[in-house]
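Colleague: After the structure tokens below, expect a handful of questions from me.
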Amino acid sequence: MAGVVAIALAAVLIYRNRAGRELAQTRAQLTETRRAHERLSREGSQWEQRLRQAEHQAREAERQIREAEHKVREAEHQAREAEHQARESERQAREVERQAREAVEEARELRAQQDLARAETDHLLTTRIPALVSHLRASHVTVPGLQNAKLAGTDIDRQHLAVLDAISSAVREESVRIDEAAQAIVRGAMSRVQTQALRAQDLLSSVQQRYSGDEHTDLLREVLGLDMFNELIIRRAQATGIACGATAGLSRDDTYLVDLVVGAVARVENFDQRIDGPANHLRRRVGVAARAAEPILFVTSELLANAVHHSHGTLKVTIALHETNTGAAIVIDDAGVGLNEEQYARAGRLLSGRHSVRLVDLGNPPHTGWAAIGRQVAQYGMQVTVKKSAYGGVQAVVSVPAGLLVEMPENTRPSVLAPEPVRAVVATSPYQQRLPEAAPVPAAIAPRPMRAPEPPEQRPVRTASLTDAPTDPGTGPAALSDTGIDGLPGLPQRRRQTPRRAPTGPATTPLTTPEEAQKRWGDFQTGAEAGRREALPSQHDDATEGN
């Protein structure tokens with residue numbers, strides 16, 4: 001464009017110079033003409049005519065000059081326009097070049113952002129999402145943040161957080177669904193196991209009844225060992241089922257609290273060697289309502305088993321019963337290894353019953369004791385707390401609210417295995433008013449409320465039972481049948497049997513007094529526990545025991 005302008009300017013200058021020369025020539029000719037006119041004016045009109053023509057030509061030349069000047073001005077204007085356009089074109093070229101540089105810079109920045117986004121997405125896929133999945137399985141695992149802190153608050157950060165939230169929500173929902181399905185399967189399986197174990201317990205009870213003579217001592221020892229193992233199976237199946245949302249599976253009548261505690265002690269392996277007590281500090285006839293009897297027995301037995309499991313084999317676990325302003329309390333102390341702060345926090349969370357618990361949170365193999373206790377606490381309104389014991393181990397306190405307690409009838413009393421109150425009791429206490437030949441011999445662990453005394457001629461021959469409630473075939477020491485062999489008491493059994501009445505007729509067997517029955521059952525219990533100790537293996541390690 002500049003070359004064109006230069007050519008145009010050159011052409012205009014050439015044309016102007018030429019016009020100037022022509023004008024100068026014309027003026028010279030005009031001067032010569034005027035001179036010639038003056039010189040020839042005298043020569044005639046022909047010269048005048050020539051002069052007029054010359055003037056005309058001069059005027060025409062002047063007009064042409066003016067037109068040439070106009071054209072020159074037009075050319076100059078066009079040249080200025082061309083120069084302006086050239087400058088505008090140059091400015092536009094510079095603007096285009098600047099835009100091109102900005103486009104290149106934007107492309108470079110966009111490529112860098114794409115590289116950052118790709119790297120951050122790879123970090124999300126390879127690190128953050130797997131860490132999130134691990135965090136959902138174990139809360140102590142931390143989920144890392146952005147790999148590049150410069151992306152914080154950007155769309156990429158928000159989108160990645162949305163992806164993590166969606167994955168977390170989906171995994172939680174799916175894990176809850178899977179856990180609920182697993183718990184339903186476990187509930188069904190444990191129900192069948194518990195049912196079969198109870199049937200096995202009935203079979204063992206019948207074997208104990210059939211082979212009750214002195215000549216079957218070895219067989220009885222083996223049966224008692226199997227009976228204890230079967231008791232442990234029932235307790236473990238019951239704990240696992242309750243932790244998965246099942247019920248206790250057993251029912252009872254209103255029962256003395258001290259009898260429930262004795263039954264809970266009898267559910268623990270080697271209880272005679274490892275558990276000291278219970279110490280009975282109850283001053284009244286404190287009983288537990290039927291709906292809560294089995295849950296309280298279950299909670300107590302699980303806490304005792306946990307205390308025994310985490311204590312050295314030579315250390316005793318103590319248990320005591322106390323009355324409180326709000327009901328009653330069962331206090332269990334051990335001198336075991338104790339718990340650290342994290343374990344105390346976990347225990348408090350599980351025992352409170354206020355938090356949902358998944359099977360995967362209970363370890364492998366799962367320790368279901370605390371989770372099952374929490375279920376019972378939440379359902380029946382009890383409270384279970386753990387803290388450091390004065391012996392350096394753990395103290396567990398089961399607080400039973402007054403709403404779950406009842407006052408047992410005056411014509412009943414705890415079983416013969418229940419310890420006497422530590423403190424003196426009031427005059428109306430059933431522990432002081434022992435009616436000879438009037439009160440029936442009570443059950444050892446979890447008896448039903450006894451009926452009123454019957455006249456001697458109408459009262460059936462009764463038997464003391466070392467069992468839990470009649471519908472609980474899976475707890476406590478064994479019960480006794482109505483009659484034995486050669487006048488001796490019958491063999492122990494787990495379920496309370498319907499009392500057999502003495503044959504009617506003029507001659508009847510003399511009734512056994514409560515004192516005689518207590519001595520007989522005490523002797524029998526000593527022998528039964530000795531047989532169990534010999535039948536149990538010396539080494540044992542249940543991976544599912546403890547919490």
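Identifiers in this document derive from the order of the structure tokens: chains are assigned A, B, ..., residues are numbered from 1 separately in each chain, and ligands are numbered from 1 in order of occurrence.
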Do you know which residues are at most 10 Å from Leu161 (chain A) counting only C-alpha atoms, after dropping those on the same chain fewer than 4 positions away, and could you put them as a PyMOL selection string?

Modeller: chain A and resi 124+145-146+155-157+165-167

Colleague: Please extract the residues of region 135-321 of chain A with a backbone DSSP assignment of strand (DSSP E) and present them as a list in words.

Modeller: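 Selecting the strand (DSSP E) positions of region 135-321 of chain A gives Thr255, Tyr256, Ile275, Asp276, Gly277, Pro278, Ala279, Asn280, Val286, Gly287, Val288, Val317, Thr318, Ile319, Ala320 and Leu321 of chain A.
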
Colleague: Got a sec to tell me which of region 192-285 of chain A DSSP assigns to helix (DSSP H, G or I), as a ChimeraX atom specification?

Modeller: /A:192-210,214-243,257-266,271-274

Colleague: Quick one, how far is CA of Ser415 (chain A) from CA of Leu260 (chain A)?

Modeller: 10.2 Å

Colleague: Which residues come within 8 Å of Leu304 (chain A), counting only C-alpha atoms, excluding same-chain residues fewer than 3 positions away, as a PDB file with N, CA and C atoms, in the first residue's frame?

Modeller:
ATOM      1  N   ALA A 264     -26.264 -65.518  85.646  1.00  0.00           N
ATOM      2  CA  ALA A 264     -25.284 -64.916  84.746  1.00  0.00           C
ATOM      3  C   ALA A 264     -23.881 -65.424  85.042  1.00  0.00           C
ATOM      4  N   VAL A 265     -23.564 -65.572  86.320  1.00  0.00           N
ATOM      5  CA  VAL A 265     -22.248 -66.104  86.695  1.00  0.00           C
ATOM      6  C   VAL A 265     -22.067 -67.512  86.143  1.00  0.00           C
ATOM      7  N   VAL A 268     -20.637 -68.289  82.534  1.00  0.00           N
ATOM      8  CA  VAL A 268     -19.253 -67.976  82.191  1.00  0.00           C
ATOM      9  C   VAL A 268     -18.400 -69.209  82.424  1.00  0.00           C
ATOM     10  N   THR A 300     -25.468 -59.026  82.051  1.00  0.00           N
ATOM     11  CA  THR A 300     -24.537 -59.332  83.139  1.00  0.00           C
ATOM     12  C   THR A 300     -23.565 -60.431  82.741  1.00  0.00           C
ATOM     13  N   SER A 301     -24.069 -61.478  82.103  1.00  0.00           N
ATOM     14  CA  SER A 301     -23.184 -62.583  81.717  1.00  0.00           C
ATOM     15  C   SER A 301     -22.163 -62.128  80.686  1.00  0.00           C
ATOM     16  N   ALA A 307     -14.931 -59.520  81.297  1.00  0.00           N
ATOM     17  CA  ALA A 307     -13.978 -59.272  82.384  1.00  0.00           C
ATOM     18  C   ALA A 307     -13.067 -60.470  82.595  1.00  0.00           C
ATOM     19  N   VAL A 308     -13.620 -61.674  82.553  1.00  0.00           N
ATOM     20  CA  VAL A 308     -12.813 -62.879  82.736  1.00  0.00           C
ATOM     21  C   VAL A 308     -11.834 -63.049  81.580  1.00  0.00           C
ATOM     22  N   VAL A 317     -12.556 -61.983  89.301  1.00  0.00           N
ATOM     23  CA  VAL A 317     -13.496 -60.944  88.910  1.00  0.00           C
ATOM     24  C   VAL A 317     -14.575 -60.887  89.980  1.00  0.00           C
ATOM     25  N   ILE A 332     -19.361 -54.808  88.478  1.00  0.00           N
ATOM     26  CA  ILE A 332     -18.406 -55.854  88.119  1.00  0.00           C
ATOM     27  C   ILE A 332     -17.026 -55.216  88.046  1.00  0.00           C
TER      28      ILE A 332
END

Colleague: Identify, on the basis of only C-alpha atoms, every residue whose closest approach to Ala293 (chain A) does not exceed 9 Å; exclude the query and any residue fewer than 3 positions from it along the same chain; express the result as a list of chain:residue names.

Modeller: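 The residues that qualify are A:Ser251, A:Arg252, A:Asp253, A:Asp254, A:Thr255, A:Tyr256, A:Leu257, A:Leu260, A:Gly287, A:Val288, A:Ala289, A:Ala290, A:Ile296, A:Leu297, A:Phe298, A:Leu404, A:Ala446.
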
Colleague: Please provide as a list of chain:residue names all residues within 8 Å of Asp333 (chain A), with the sequence filter that same-chain residues fewer than 2 positions apart are discarded (counting only C-alpha atoms).

Modeller: A:Ala307, A:Val317, A:Thr318, A:Ile319, A:Val331, A:Ala335, A:Ser389, A:Tyr391, A:Gly393, A:Val394, A:Gln395, A:Ala396

Colleague: Determine the nearest neighbour of Glu180 (chain A) from the options A:Val360, A:Leu282, A:Gly225, A:Arg63, counting only C-alpha atoms.

Modeller: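 Distance minimum relative to Glu180 (chain A) lands on A:Val360.
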
Colleague: What is the distance between CA of Ala138 (chain A) and CA of Ala371 (chain A), in Å to one decimal?

Modeller: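 Calculated distance between CA of Ala138 (chain A) and CA of Ala371 (chain A) is 17.2 Å.
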
Colleague: Can you tell me which residues surround region 372-379 of chain A at a distance of at most 12 Å, considering only C-alpha atoms, apart from same-chain residues fewer than 4 positions away, and format the answer as number ranges by chain?

Modeller: A: 235-248, 291-303, 306, 346-359, 362, 366-368, 383-385, 396, 398-401, 404, 547

Colleague: Rounded to one decimal place, report the CA of Ala170 (chain A)-CA of Leu132 (chain A) distance in Å.

Modeller: 11.9 Å
